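J.: Right, I'll just put the structure down here and ask away after.
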Amino acid sequence: MSKQRLKALLKLVETTFGRGDSHLWKNRDYEELSFAILQKTKILISAATLKRIFGKVKTDTNYTPQESTVKALCDFSGYTDIRNIDHQPQKARRRYYYIGILAIAITGAGLILNLFMHKTTTFGSTIKLIKTEGYCPLSAGFSIDNVEQKNEPKLYVDFGDRTKQTLVTQNGPLTHFYAYPGIFRAKLIDQKRIIHQTAPILVQTKGWQAFASYFEPEKSERYYPIPLDMVRHNSIISVTPRILASLGIDTTEIVVLRMDNFKPSNLTADNFDYEAVVKNCEFWPAIRCYSIIVSVAGTKGKVEFKLVGEGCSTFAWYVLGNELCSACDSTLNNLIYDRKNWLNIEIVNRDKKVVLYLNGNPVFEHEYTESLGNLVGTTIAFHGLGSIKGIQLYSQTHEFAKLAFE
(Lines give C-alpha, C1' and ligand atoms only; values in the text may rest on other atoms or scores of the structure.)
Protein backbone atom coordinates (compact mmCIF):
# COMPACT_ATOMS: atom_id res chain seq x y z
CA MET A 1 0.00 0.00 0.00
CA SER A 2 1.44 3.39 -1.00
CA LYS A 3 2.19 6.01 1.64
CA GLN A 4 -0.28 8.36 -0.02
CA ARG A 5 -3.09 5.82 0.22
CA LEU A 6 -2.20 4.94 3.80
CA LYS A 7 -2.25 8.64 4.74
CA ALA A 8 -5.70 9.02 3.17
CA LEU A 9 -6.96 5.92 5.00
CA LEU A 10 -5.68 7.17 8.36
CA LYS A 11 -7.41 10.49 7.80
CA LEU A 12 -10.69 8.64 7.28
CA VAL A 13 -10.11 6.59 10.43
CA GLU A 14 -9.38 9.79 12.32
CA THR A 15 -12.64 11.33 11.11
CA THR A 16 -14.66 8.20 11.89
CA PHE A 17 -13.23 7.98 15.41
CA GLY A 18 -14.18 11.60 16.07
CA ARG A 19 -11.45 12.54 18.54
CA GLY A 20 -9.93 15.36 16.52
CA ASP A 21 -6.35 15.57 15.24
CA SER A 22 -4.52 12.26 15.85
CA HIS A 23 -1.32 14.19 16.64
CA LEU A 24 -3.03 15.25 19.88
CA TRP A 25 -4.21 11.77 20.88
CA LYS A 26 -3.06 10.30 24.18
CA ASN A 27 -2.44 6.67 25.11
CA ARG A 28 -6.06 6.19 26.20
CA ASP A 29 -7.29 7.41 22.79
CA TYR A 30 -5.30 4.67 21.07
CA GLU A 31 -6.60 2.06 23.52
CA GLU A 32 -10.17 3.18 22.90
CA LEU A 33 -9.65 3.21 19.13
CA SER A 34 -8.32 -0.35 19.39
CA PHE A 35 -11.47 -1.39 21.27
CA ALA A 36 -13.76 0.45 18.82
CA ILE A 37 -12.15 -1.32 15.85
CA LEU A 38 -12.46 -4.69 17.61
CA GLN A 39 -16.14 -4.09 18.35
CA LYS A 40 -16.91 -3.16 14.74
CA THR A 41 -14.64 -5.49 12.75
CA LYS A 42 -13.88 -8.36 15.21
CA ILE A 43 -10.18 -7.81 14.45
CA LEU A 44 -7.81 -6.75 17.24
CA ILE A 45 -5.23 -4.08 16.41
CA SER A 46 -3.23 -3.31 19.53
CA ALA A 47 -2.78 0.24 20.78
CA ALA A 48 0.98 -0.17 20.23
CA THR A 49 0.42 -1.03 16.56
CA LEU A 50 -1.94 1.92 16.10
CA LYS A 51 0.71 4.22 17.55
CA ARG A 52 3.20 2.95 15.00
CA ILE A 53 0.75 3.36 12.13
CA PHE A 54 -0.21 6.91 13.13
CA GLY A 55 3.44 7.88 13.72
CA LYS A 56 3.12 8.32 17.48
CA VAL A 57 6.21 6.16 17.97
CA LYS A 58 9.24 5.91 15.72
CA THR A 59 9.30 3.09 13.18
CA ASP A 60 11.44 2.02 10.26
CA THR A 61 10.90 4.24 7.20
CA ASN A 62 9.79 1.17 5.23
CA TYR A 63 7.25 0.06 7.85
CA THR A 64 3.85 -0.88 6.43
CA PRO A 65 0.98 -2.47 8.38
CA GLN A 66 -0.16 -6.02 7.63
CA GLU A 67 -2.96 -6.62 5.13
CA SER A 68 -5.32 -7.72 7.91
CA THR A 69 -4.65 -4.45 9.75
CA VAL A 70 -5.30 -2.37 6.64
CA LYS A 71 -8.51 -4.27 5.96
CA ALA A 72 -9.73 -3.69 9.54
CA LEU A 73 -9.02 0.05 9.24
CA CYS A 74 -10.89 0.15 5.92
CA ASP A 75 -13.88 -1.69 7.39
CA PHE A 76 -13.88 0.57 10.46
CA SER A 77 -13.84 3.77 8.38
CA GLY A 78 -16.38 2.50 5.85
CA TYR A 79 -14.06 1.69 2.96
CA THR A 80 -13.51 -1.89 1.79
CA ASP A 81 -11.69 -1.19 -1.50
CA ILE A 82 -8.31 0.24 -0.50
CA ARG A 83 -7.35 0.73 -4.15
CA ASN A 84 -9.82 3.60 -4.46
CA ILE A 85 -9.04 5.39 -1.21
CA ASP A 86 -6.92 8.09 -2.76
CA HIS A 87 -9.10 8.37 -5.86
CA GLN A 88 -12.21 9.71 -4.17
CA PRO A 89 -13.61 12.84 -5.88
CA GLN A 90 -12.61 16.11 -4.26
CA LYS A 91 -16.26 16.95 -3.56
CA ALA A 92 -16.67 13.65 -1.71
CA ARG A 93 -13.60 14.44 0.37
CA ARG A 94 -15.01 17.82 1.32
CA ARG A 95 -18.34 16.19 2.15
CA TYR A 96 -16.68 13.71 4.50
CA TYR A 97 -14.69 16.55 6.03
CA TYR A 98 -17.83 18.54 6.86
CA ILE A 99 -19.62 15.40 8.04
CA GLY A 100 -16.66 14.74 10.33
CA ILE A 101 -16.80 18.28 11.76
CA LEU A 102 -20.56 17.92 12.32
CA ALA A 103 -20.07 14.50 13.98
CA ILE A 104 -17.46 15.94 16.34
CA ALA A 105 -19.78 18.81 17.25
CA ILE A 106 -22.72 16.47 17.88
CA THR A 107 -20.54 14.14 19.95
CA GLY A 108 -19.29 17.04 22.05
CA ALA A 109 -22.79 18.34 22.61
CA GLY A 110 -23.94 14.86 23.56
CA LEU A 111 -21.19 14.51 26.14
CA ILE A 112 -22.05 17.85 27.69
CA LEU A 113 -25.76 16.96 27.76
CA ASN A 114 -24.91 13.61 29.31
CA LEU A 115 -22.99 15.30 32.10
CA PHE A 116 -25.91 17.61 32.89
CA MET A 117 -28.53 14.86 32.75
CA HIS A 118 -26.67 12.09 34.57
CA LYS A 119 -24.08 14.05 36.53
CA THR A 120 -21.74 11.04 36.25
CA THR A 121 -18.98 9.93 33.93
CA THR A 122 -17.18 6.65 33.36
CA PHE A 123 -13.84 8.41 33.06
CA GLY A 124 -11.83 7.96 36.24
CA SER A 125 -13.43 4.61 37.13
CA THR A 126 -10.76 2.00 37.91
CA ILE A 127 -10.29 -1.72 38.43
CA LYS A 128 -7.34 -3.10 40.39
CA LEU A 129 -6.14 -6.63 41.05
CA ILE A 130 -5.95 -7.04 44.83
CA LYS A 131 -5.05 -10.70 45.32
CA THR A 132 -5.05 -14.14 43.74
CA GLU A 133 -5.57 -17.50 45.44
CA GLY A 134 -4.52 -20.90 44.11
CA TYR A 135 -2.97 -22.23 40.93
CA CYS A 136 -5.31 -23.49 38.23
CA PRO A 137 -8.15 -23.06 39.05
CA LEU A 138 -7.54 -19.60 40.47
CA SER A 139 -9.74 -17.06 42.23
CA ALA A 140 -8.87 -13.39 41.76
CA GLY A 141 -10.03 -10.46 43.89
CA PHE A 142 -10.52 -7.00 42.40
CA SER A 143 -11.35 -3.55 43.67
CA ILE A 144 -13.71 -1.27 41.71
CA ASP A 145 -13.45 2.46 42.44
CA ASN A 146 -14.97 5.78 41.30
CA VAL A 147 -18.17 4.19 40.03
CA GLU A 148 -21.61 5.70 40.55
CA GLN A 149 -24.84 3.70 40.70
CA LYS A 150 -26.33 5.71 37.83
CA ASN A 151 -23.28 5.68 35.59
CA GLU A 152 -24.13 6.30 31.96
CA PRO A 153 -23.11 4.53 29.85
CA LYS A 154 -23.17 1.37 31.96
CA LEU A 155 -19.91 -0.21 33.04
CA TYR A 156 -18.94 -3.87 32.68
CA VAL A 157 -15.94 -5.99 33.64
CA ASP A 158 -14.45 -8.23 30.96
CA PHE A 159 -12.24 -10.73 32.81
CA GLY A 160 -10.33 -11.67 29.64
CA ASP A 161 -11.20 -15.39 29.69
CA ARG A 162 -14.25 -15.36 27.37
CA THR A 163 -16.70 -15.60 30.28
CA LYS A 164 -19.79 -13.40 30.39
CA GLN A 165 -19.15 -9.74 31.19
CA THR A 166 -20.25 -8.56 34.65
CA LEU A 167 -22.31 -5.39 35.12
CA VAL A 168 -20.78 -2.95 37.62
CA THR A 169 -23.14 -0.65 39.57
CA GLN A 170 -21.10 0.37 42.61
CA ASN A 171 -17.67 0.59 44.19
CA GLY A 172 -16.29 -2.31 46.16
CA PRO A 173 -14.76 -5.77 45.90
CA LEU A 174 -15.38 -8.21 43.07
CA THR A 175 -14.13 -11.78 42.63
CA HIS A 176 -13.74 -14.03 39.61
CA PHE A 177 -12.99 -17.71 39.07
CA TYR A 178 -10.46 -18.54 36.33
CA ALA A 179 -11.16 -22.12 35.26
CA TYR A 180 -8.27 -22.69 32.86
CA PRO A 181 -4.59 -21.65 32.64
CA GLY A 182 -3.21 -18.63 30.81
CA ILE A 183 -2.41 -14.96 31.18
CA PHE A 184 -5.29 -12.49 31.35
CA ARG A 185 -6.15 -8.85 31.96
CA ALA A 186 -9.44 -7.77 33.51
CA LYS A 187 -10.85 -4.69 31.76
CA LEU A 188 -13.38 -2.14 32.90
CA ILE A 189 -15.34 -1.17 29.79
CA ASP A 190 -18.42 0.66 28.67
CA GLN A 191 -20.21 0.15 25.36
CA LYS A 192 -17.45 1.71 23.29
CA ARG A 193 -14.12 1.81 25.08
CA ILE A 194 -11.73 0.39 27.63
CA ILE A 195 -11.88 2.58 30.73
CA HIS A 196 -9.18 0.86 32.79
CA GLN A 197 -7.44 -2.51 33.01
CA THR A 198 -5.45 -4.52 35.52
CA ALA A 199 -1.91 -5.78 35.48
CA PRO A 200 -1.47 -9.23 33.84
CA ILE A 201 -3.01 -12.13 35.78
CA LEU A 202 -1.05 -15.37 35.45
CA VAL A 203 -3.07 -18.52 36.09
CA GLN A 204 -0.34 -21.10 36.74
CA THR A 205 -0.33 -24.87 36.47
CA LYS A 206 1.62 -27.38 38.51
CA GLY A 207 3.58 -28.78 35.61
CA TRP A 208 1.55 -30.12 32.68
CA GLN A 209 -2.22 -30.27 33.05
CA ALA A 210 -4.83 -31.70 30.68
CA PHE A 211 -8.38 -30.35 30.31
CA ALA A 212 -11.45 -31.06 28.21
CA SER A 213 -14.35 -28.72 27.49
CA TYR A 214 -17.26 -28.36 25.10
CA PHE A 215 -16.82 -26.32 21.94
CA GLU A 216 -20.25 -24.66 22.08
CA PRO A 217 -19.99 -21.20 23.75
CA GLU A 218 -22.92 -21.72 26.12
CA LYS A 219 -21.20 -24.83 27.55
CA SER A 220 -17.55 -23.82 27.22
CA GLU A 221 -17.16 -22.33 30.72
CA ARG A 222 -16.97 -25.81 32.32
CA TYR A 223 -13.51 -27.39 32.21
CA TYR A 224 -12.92 -31.04 33.09
CA PRO A 225 -9.41 -31.87 34.43
CA ILE A 226 -7.92 -35.12 33.10
CA PRO A 227 -5.30 -36.94 35.24
CA LEU A 228 -2.20 -37.58 33.12
CA ASP A 229 -1.75 -41.05 34.61
CA MET A 230 -5.14 -41.95 33.16
CA VAL A 231 -4.15 -41.05 29.59
CA ARG A 232 -0.51 -42.15 29.44
CA HIS A 233 0.08 -45.24 27.32
CA ASN A 234 3.75 -46.23 27.12
CA SER A 235 5.45 -43.16 25.61
CA ILE A 236 2.24 -41.57 24.29
CA ILE A 237 -0.48 -39.44 25.85
CA SER A 238 -3.77 -40.40 24.24
CA VAL A 239 -7.29 -39.50 25.37
CA THR A 240 -10.09 -41.86 24.35
CA PRO A 241 -13.87 -41.28 24.22
CA ARG A 242 -14.25 -43.85 27.01
CA ILE A 243 -12.04 -41.75 29.32
CA LEU A 244 -14.05 -38.60 28.54
CA ALA A 245 -17.31 -40.44 29.17
CA SER A 246 -15.99 -41.58 32.57
CA LEU A 247 -15.46 -37.89 33.43
CA GLY A 248 -19.09 -37.07 32.61
CA ILE A 249 -18.54 -35.58 29.14
CA ASP A 250 -21.09 -36.17 26.40
CA THR A 251 -18.97 -37.60 23.56
CA THR A 252 -21.66 -36.97 20.93
CA GLU A 253 -20.87 -33.25 21.12
CA ILE A 254 -17.81 -31.38 19.86
CA VAL A 255 -15.10 -31.52 22.51
CA VAL A 256 -11.90 -29.49 22.87
CA LEU A 257 -8.89 -31.20 24.45
CA ARG A 258 -5.98 -29.06 25.69
CA MET A 259 -2.60 -29.45 27.41
CA ASP A 260 -1.13 -26.50 29.32
CA ASN A 261 2.02 -25.58 31.19
CA PHE A 262 2.11 -22.05 32.69
CA LYS A 263 4.52 -20.55 35.22
CA PRO A 264 6.47 -17.30 35.73
CA SER A 265 9.99 -17.00 34.32
CA ASN A 266 12.74 -14.51 33.53
CA LEU A 267 13.25 -16.06 30.09
CA THR A 268 12.52 -14.01 26.99
CA ALA A 269 9.65 -15.04 24.72
CA ASP A 270 11.34 -13.34 21.75
CA ASN A 271 13.85 -16.18 21.31
CA PHE A 272 12.53 -19.72 21.66
CA ASP A 273 12.48 -23.19 20.11
CA TYR A 274 9.26 -25.22 20.26
CA GLU A 275 8.66 -28.76 19.04
CA ALA A 276 5.72 -31.12 19.37
CA VAL A 277 4.85 -34.46 17.79
CA VAL A 278 1.07 -34.89 17.73
CA LYS A 279 -1.82 -36.57 15.96
CA ASN A 280 -5.44 -35.51 15.73
CA CYS A 281 -8.24 -38.07 15.96
CA GLU A 282 -9.43 -39.45 12.63
CA PHE A 283 -13.12 -39.10 13.49
CA TRP A 284 -15.25 -37.21 15.97
CA PRO A 285 -19.03 -36.74 15.83
CA ALA A 286 -20.22 -33.39 14.44
CA ILE A 287 -16.73 -32.17 13.40
CA ARG A 288 -16.00 -31.42 9.75
CA CYS A 289 -13.02 -29.10 10.16
CA TYR A 290 -10.52 -30.62 12.59
CA SER A 291 -7.86 -28.35 14.03
CA ILE A 292 -4.80 -28.13 16.27
CA ILE A 293 -3.95 -24.89 18.08
CA VAL A 294 -0.37 -24.32 19.25
CA SER A 295 0.45 -21.33 21.45
CA VAL A 296 3.56 -19.94 23.16
CA ALA A 297 2.68 -17.07 25.53
CA GLY A 298 4.65 -14.17 26.95
CA THR A 299 3.63 -11.54 29.47
CA LYS A 300 2.90 -9.04 26.66
CA GLY A 301 1.78 -11.18 23.74
CA LYS A 302 1.96 -14.60 22.14
CA VAL A 303 2.79 -16.63 19.07
CA GLU A 304 -0.12 -18.86 18.11
CA PHE A 305 -1.10 -20.97 15.11
CA LYS A 306 -4.37 -22.69 14.32
CA LEU A 307 -3.63 -25.60 11.96
CA VAL A 308 -6.56 -27.15 10.10
CA GLY A 309 -7.47 -30.16 8.01
CA GLU A 310 -7.55 -30.01 4.23
CA GLY A 311 -10.35 -27.88 2.80
CA CYS A 312 -10.68 -25.82 6.00
CA SER A 313 -8.04 -23.06 5.57
CA THR A 314 -10.87 -20.51 5.96
CA PHE A 315 -10.74 -21.29 9.69
CA ALA A 316 -6.95 -21.08 10.07
CA TRP A 317 -5.31 -18.18 11.88
CA TYR A 318 -2.11 -16.99 13.47
CA VAL A 319 -1.32 -14.49 16.21
CA LEU A 320 1.96 -12.58 16.50
CA GLY A 321 2.09 -10.35 19.57
CA ASN A 322 -1.47 -9.11 19.99
CA GLU A 323 -2.50 -9.09 16.32
CA LEU A 324 -4.80 -11.83 15.04
CA CYS A 325 -4.54 -12.64 11.35
CA SER A 326 -7.64 -14.51 10.20
CA ALA A 327 -8.43 -15.01 6.49
CA CYS A 328 -6.08 -12.15 5.68
CA ASP A 329 -3.35 -13.58 3.45
CA SER A 330 -2.29 -16.57 1.39
CA THR A 331 0.01 -17.99 4.10
CA LEU A 332 -3.05 -19.45 5.82
CA ASN A 333 -3.27 -21.98 2.97
CA ASN A 334 -0.03 -23.46 4.31
CA LEU A 335 -1.43 -24.16 7.79
CA ILE A 336 -2.90 -27.49 6.71
CA TYR A 337 -2.11 -30.99 8.01
CA ASP A 338 -3.13 -34.60 7.40
CA ARG A 339 -4.82 -35.83 10.56
CA LYS A 340 -4.28 -39.49 9.60
CA ASN A 341 -0.55 -39.24 10.29
CA TRP A 342 1.69 -37.98 13.09
CA LEU A 343 2.60 -34.30 12.69
CA ASN A 344 5.91 -32.77 13.74
CA ILE A 345 5.40 -29.09 14.59
CA GLU A 346 8.40 -26.80 15.05
CA ILE A 347 8.35 -23.07 15.82
CA VAL A 348 11.62 -21.15 15.80
CA ASN A 349 11.65 -17.55 17.08
CA ARG A 350 14.88 -15.62 16.59
CA ASP A 351 14.83 -11.99 17.67
CA LYS A 352 11.12 -11.57 16.80
CA LYS A 353 11.35 -13.47 13.50
CA VAL A 354 9.06 -16.52 13.60
CA VAL A 355 9.35 -19.56 11.32
CA LEU A 356 6.88 -22.46 11.44
CA TYR A 357 7.87 -25.93 10.19
CA LEU A 358 5.42 -28.79 9.57
CA ASN A 359 7.13 -32.17 9.18
CA GLY A 360 10.41 -30.38 8.52
CA ASN A 361 9.05 -28.07 5.80
CA PRO A 362 8.98 -24.28 6.39
CA VAL A 363 5.40 -23.13 5.79
CA PHE A 364 5.34 -19.72 7.48
CA GLU A 365 7.79 -16.89 8.14
CA HIS A 366 7.00 -13.48 9.61
CA GLU A 367 8.42 -10.81 11.89
CA TYR A 368 6.82 -8.76 14.65
CA THR A 369 8.03 -5.58 16.36
CA GLU A 370 6.68 -5.34 19.93
CA SER A 371 8.31 -7.65 22.48
CA LEU A 372 6.31 -10.58 23.83
CA GLY A 373 7.85 -10.03 27.27
CA ASN A 374 8.87 -12.91 29.54
CA LEU A 375 7.93 -16.47 28.67
CA VAL A 376 5.02 -17.71 30.81
CA GLY A 377 3.39 -20.69 29.15
CA THR A 378 2.45 -22.94 26.28
CA THR A 379 -0.79 -24.60 25.16
CA ILE A 380 -1.69 -27.23 22.60
CA ALA A 381 -5.37 -27.85 21.90
CA PHE A 382 -7.34 -30.22 19.64
CA HIS A 383 -10.86 -29.87 18.26
CA GLY A 384 -11.74 -33.50 18.72
CA LEU A 385 -9.33 -35.75 20.55
CA GLY A 386 -5.61 -36.08 19.98
CA SER A 387 -2.44 -37.91 20.89
CA ILE A 388 0.95 -36.49 21.92
CA LYS A 389 4.38 -38.14 21.70
CA GLY A 390 6.23 -35.18 23.14
CA ILE A 391 6.45 -31.41 23.59
CA GLN A 392 9.46 -29.27 24.43
CA LEU A 393 9.97 -25.53 24.73
CA TYR A 394 13.33 -23.80 25.20
CA SER A 395 14.15 -20.11 25.46
CA GLN A 396 17.79 -19.17 24.74
CA THR A 397 18.77 -22.82 25.42
CA HIS A 398 17.06 -22.76 28.85
CA GLU A 399 14.34 -25.39 29.20
CA PHE A 400 10.94 -23.92 30.02
CA ALA A 401 8.70 -26.95 29.63
CA LYS A 402 9.10 -30.54 28.44
CA LEU A 403 6.60 -33.38 28.15
CA ALA A 404 8.17 -36.72 27.25
CA PHE A 405 8.00 -40.27 28.52
CA GLU A 406 11.18 -42.13 27.67
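Each chain in the C-alpha coordinates gets a letter, A, B and so on, in the order shown; residues start at 1 in every chain, and ligands are counted from 1 in the order they appear.
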Can you tell me which residues surround Gly309 (chain A) at a distance of at most 8 Å, considering only C-alpha atoms, apart from same-chain residues fewer than 6 positions away, and format the answer as a ChimeraX atom specification?
T.: /A:289-291,336-339
J.: Take the residues just selected and output them with N, CA and C atoms as a short mmCIF file (atom, residue, chain, number, x, y, z; two decimals), in the first residue's frame.
T.:
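What landed in selection00.cif:
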```cif
data_model
loop_
_atom_site.label_atom_id
_atom_site.label_comp_id
_atom_site.auth_asym_id
_atom_site.auth_seq_id
_atom_site.Cartn_x
_atom_site.Cartn_y
_atom_site.Cartn_z
N CYS A 289 -14.32 -29.74 10.27
CA CYS A 289 -13.02 -29.10 10.16
C CYS A 289 -12.24 -29.33 11.46
N TYR A 290 -11.37 -30.32 11.44
CA TYR A 290 -10.52 -30.62 12.59
C TYR A 290 -9.42 -29.57 12.68
N SER A 291 -8.90 -29.37 13.88
CA SER A 291 -7.86 -28.35 14.03
C SER A 291 -6.97 -28.64 15.24
N ILE A 336 -2.05 -26.33 6.93
CA ILE A 336 -2.90 -27.49 6.71
C ILE A 336 -2.11 -28.76 7.04
N TYR A 337 -2.77 -29.74 7.65
CA TYR A 337 -2.11 -30.99 8.01
C TYR A 337 -3.02 -32.17 7.70
N ASP A 338 -2.42 -33.34 7.62
CA ASP A 338 -3.13 -34.60 7.40
C ASP A 338 -3.34 -35.27 8.75
N ARG A 339 -4.57 -35.32 9.21
CA ARG A 339 -4.82 -35.83 10.56
C ARG A 339 -4.65 -37.34 10.67
#
```
J.: When you look at Tyr274 (chain A) with a cut-off of 9 Å (counting only C-alpha atoms), what residues show up, excluding the ones that are within fewer than 5 positions of it in the same chain? I need them as a list in words.
T.: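 With the cut-off at 9 Å, the set is Val296, Ile345, Glu346, Ile347, Val348, Asn349, Ile391, Gln392, Leu393, Tyr394 and Ser395 of chain A.
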J.: So that I can see what lies close to region 243-245 of chain A, please list as number ranges by chain the residues with an atom at most 9 Å from it, counting only C-alpha atoms and leaving out residues fewer than 3 positions away in the same chain.
T.: A: 212, 224, 226, 230-231, 239-240, 248-251
J.: Neighbouring residues of Gln191 (chain A) were defined as those with any atom within 10 Å, considering only C-alpha atoms; residues of the same chain fewer than 6 positions away were excluded. Please report them as a PDB file with N, CA and C atoms, in the first residue's frame.
T.:
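Output (result_16.pdb):
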```pdb
ATOM      1  N   PHE A  35     -10.236  -0.723  20.840  1.00  0.00           N
ATOM      2  CA  PHE A  35     -11.465  -1.393  21.274  1.00  0.00           C
ATOM      3  C   PHE A  35     -12.604  -1.128  20.289  1.00  0.00           C
ATOM      4  N   ALA A  36     -12.703   0.107  19.780  1.00  0.00           N
ATOM      5  CA  ALA A  36     -13.761   0.450  18.823  1.00  0.00           C
ATOM      6  C   ALA A  36     -13.619  -0.361  17.537  1.00  0.00           C
ATOM      7  N   GLN A  39     -14.689  -3.963  18.245  1.00  0.00           N
ATOM      8  CA  GLN A  39     -16.142  -4.088  18.349  1.00  0.00           C
ATOM      9  C   GLN A  39     -16.806  -4.106  16.974  1.00  0.00           C
ATOM     10  N   GLU A 152     -23.720   6.420  33.347  1.00  0.00           N
ATOM     11  CA  GLU A 152     -24.132   6.296  31.955  1.00  0.00           C
ATOM     12  C   GLU A 152     -22.953   6.669  31.077  1.00  0.00           C
ATOM     13  N   PRO A 153     -22.552   5.856  30.114  1.00  0.00           N
ATOM     14  CA  PRO A 153     -23.113   4.529  29.850  1.00  0.00           C
ATOM     15  C   PRO A 153     -22.743   3.526  30.938  1.00  0.00           C
ATOM     16  N   LYS A 154     -23.406   2.376  30.935  1.00  0.00           N
ATOM     17  CA  LYS A 154     -23.167   1.369  31.965  1.00  0.00           C
ATOM     18  C   LYS A 154     -21.768   0.786  31.844  1.00  0.00           C
ATOM     19  N   LEU A 155     -21.252   0.366  32.983  1.00  0.00           N
ATOM     20  CA  LEU A 155     -19.912  -0.215  33.038  1.00  0.00           C
ATOM     21  C   LEU A 155     -19.985  -1.727  33.222  1.00  0.00           C
ATOM     22  N   TYR A 156     -19.036  -2.414  32.574  1.00  0.00           N
ATOM     23  CA  TYR A 156     -18.938  -3.865  32.681  1.00  0.00           C
ATOM     24  C   TYR A 156     -17.484  -4.246  32.935  1.00  0.00           C
TER      25      TYR A 156
END
```
J.: Leaving out Phe364 (chain A) and any residue of its chain fewer than 4 positions from it, which residues lie within 7 Å of it when counting only C-alpha atoms, given as a ChimeraX atom specification?
T.: /A:331,355-356
J.: What lies within 9 Å of Ser34 (chain A) using only C-alpha atoms, ignoring chain neighbours under 4 positions off, as a short mmCIF file (atom, residue, chain, number, x, y, z; two decimals) with N, CA and C atoms, in the first residue's frame?
T.:
```cif
data_model
loop_
_atom_site.label_atom_id
_atom_site.label_comp_id
_atom_site.auth_asym_id
_atom_site.auth_seq_id
_atom_site.Cartn_x
_atom_site.Cartn_y
_atom_site.Cartn_z
N ASP A 29 -6.60 7.30 24.07
CA ASP A 29 -7.29 7.41 22.79
C ASP A 29 -6.97 6.21 21.90
N TYR A 30 -5.70 5.82 21.89
CA TYR A 30 -5.30 4.67 21.07
C TYR A 30 -5.90 3.38 21.61
N LEU A 38 -12.13 -3.31 17.27
CA LEU A 38 -12.46 -4.69 17.61
C LEU A 38 -13.96 -4.91 17.65
N GLN A 39 -14.69 -3.96 18.25
CA GLN A 39 -16.14 -4.09 18.35
C GLN A 39 -16.81 -4.11 16.97
N LEU A 44 -8.53 -7.50 16.21
CA LEU A 44 -7.81 -6.75 17.24
C LEU A 44 -6.56 -6.12 16.65
N ILE A 45 -6.47 -4.80 16.73
CA ILE A 45 -5.23 -4.08 16.41
C ILE A 45 -4.79 -3.42 17.72
N SER A 46 -3.66 -3.80 18.22
CA SER A 46 -3.23 -3.31 19.53
C SER A 46 -2.97 -1.81 19.50
N ALA A 47 -3.06 -1.20 20.68
CA ALA A 47 -2.78 0.24 20.78
C ALA A 47 -1.35 0.54 20.34
N LEU A 50 -1.30 0.68 16.57
CA LEU A 50 -1.94 1.92 16.10
C LEU A 50 -1.01 3.11 16.26
N ARG A 193 -15.54 1.64 24.83
CA ARG A 193 -14.12 1.81 25.08
C ARG A 193 -13.67 1.11 26.37
N ILE A 194 -12.35 0.90 26.41
CA ILE A 194 -11.73 0.39 27.63
C ILE A 194 -11.48 1.57 28.57
#
```
J.: Among region 305-364 of chain A, which residues does DSSP mark as strand (DSSP E) when it is run on the backbone? Keep the chain and numbering as in the structure and answer as number ranges by chain.
T.: A: 305-309, 317-321, 323-326, 336-337, 343-350, 353-358, 361-364
J.: So that I can check the surroundings of Tyr180 (chain A), please list as an MDAnalysis selection string every protein, DNA and RNA residue that reaches within 8 Å of it, counting only C-alpha atoms and ignoring chain neighbours fewer than 6 positions away.
T.: chainID A and resid 136:137 203 223
J.: Keeping N, CA and C atoms for every residue in the selection just given, could you write it to a file as a short mmCIF file (atom, residue, chain, number, x, y, z; two decimals), in the first residue's frame?
T.:
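So selection_11.cif came out as:
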```
data_model
loop_
_atom_site.label_atom_id
_atom_site.label_comp_id
_atom_site.auth_asym_id
_atom_site.auth_seq_id
_atom_site.Cartn_x
_atom_site.Cartn_y
_atom_site.Cartn_z
N CYS A 136 -4.14 -23.29 39.08
CA CYS A 136 -5.31 -23.49 38.23
C CYS A 136 -6.16 -24.59 38.85
N PRO A 137 -7.43 -24.32 39.24
CA PRO A 137 -8.15 -23.06 39.05
C PRO A 137 -7.69 -21.99 40.03
N VAL A 203 -2.45 -17.34 35.50
CA VAL A 203 -3.07 -18.52 36.09
C VAL A 203 -2.13 -19.70 35.84
N TYR A 223 -14.72 -26.69 32.61
CA TYR A 223 -13.51 -27.39 32.21
C TYR A 223 -13.33 -28.63 33.07
#
```
J.: Pick the closest to Thr205 (chain A) from A:Lys187, A:Thr379, A:Val278, A:Asn344: which is it, counting only C-alpha atoms?
T.: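 Looking at the shortest contact to Thr205 (chain A), the residue is A:Thr379.
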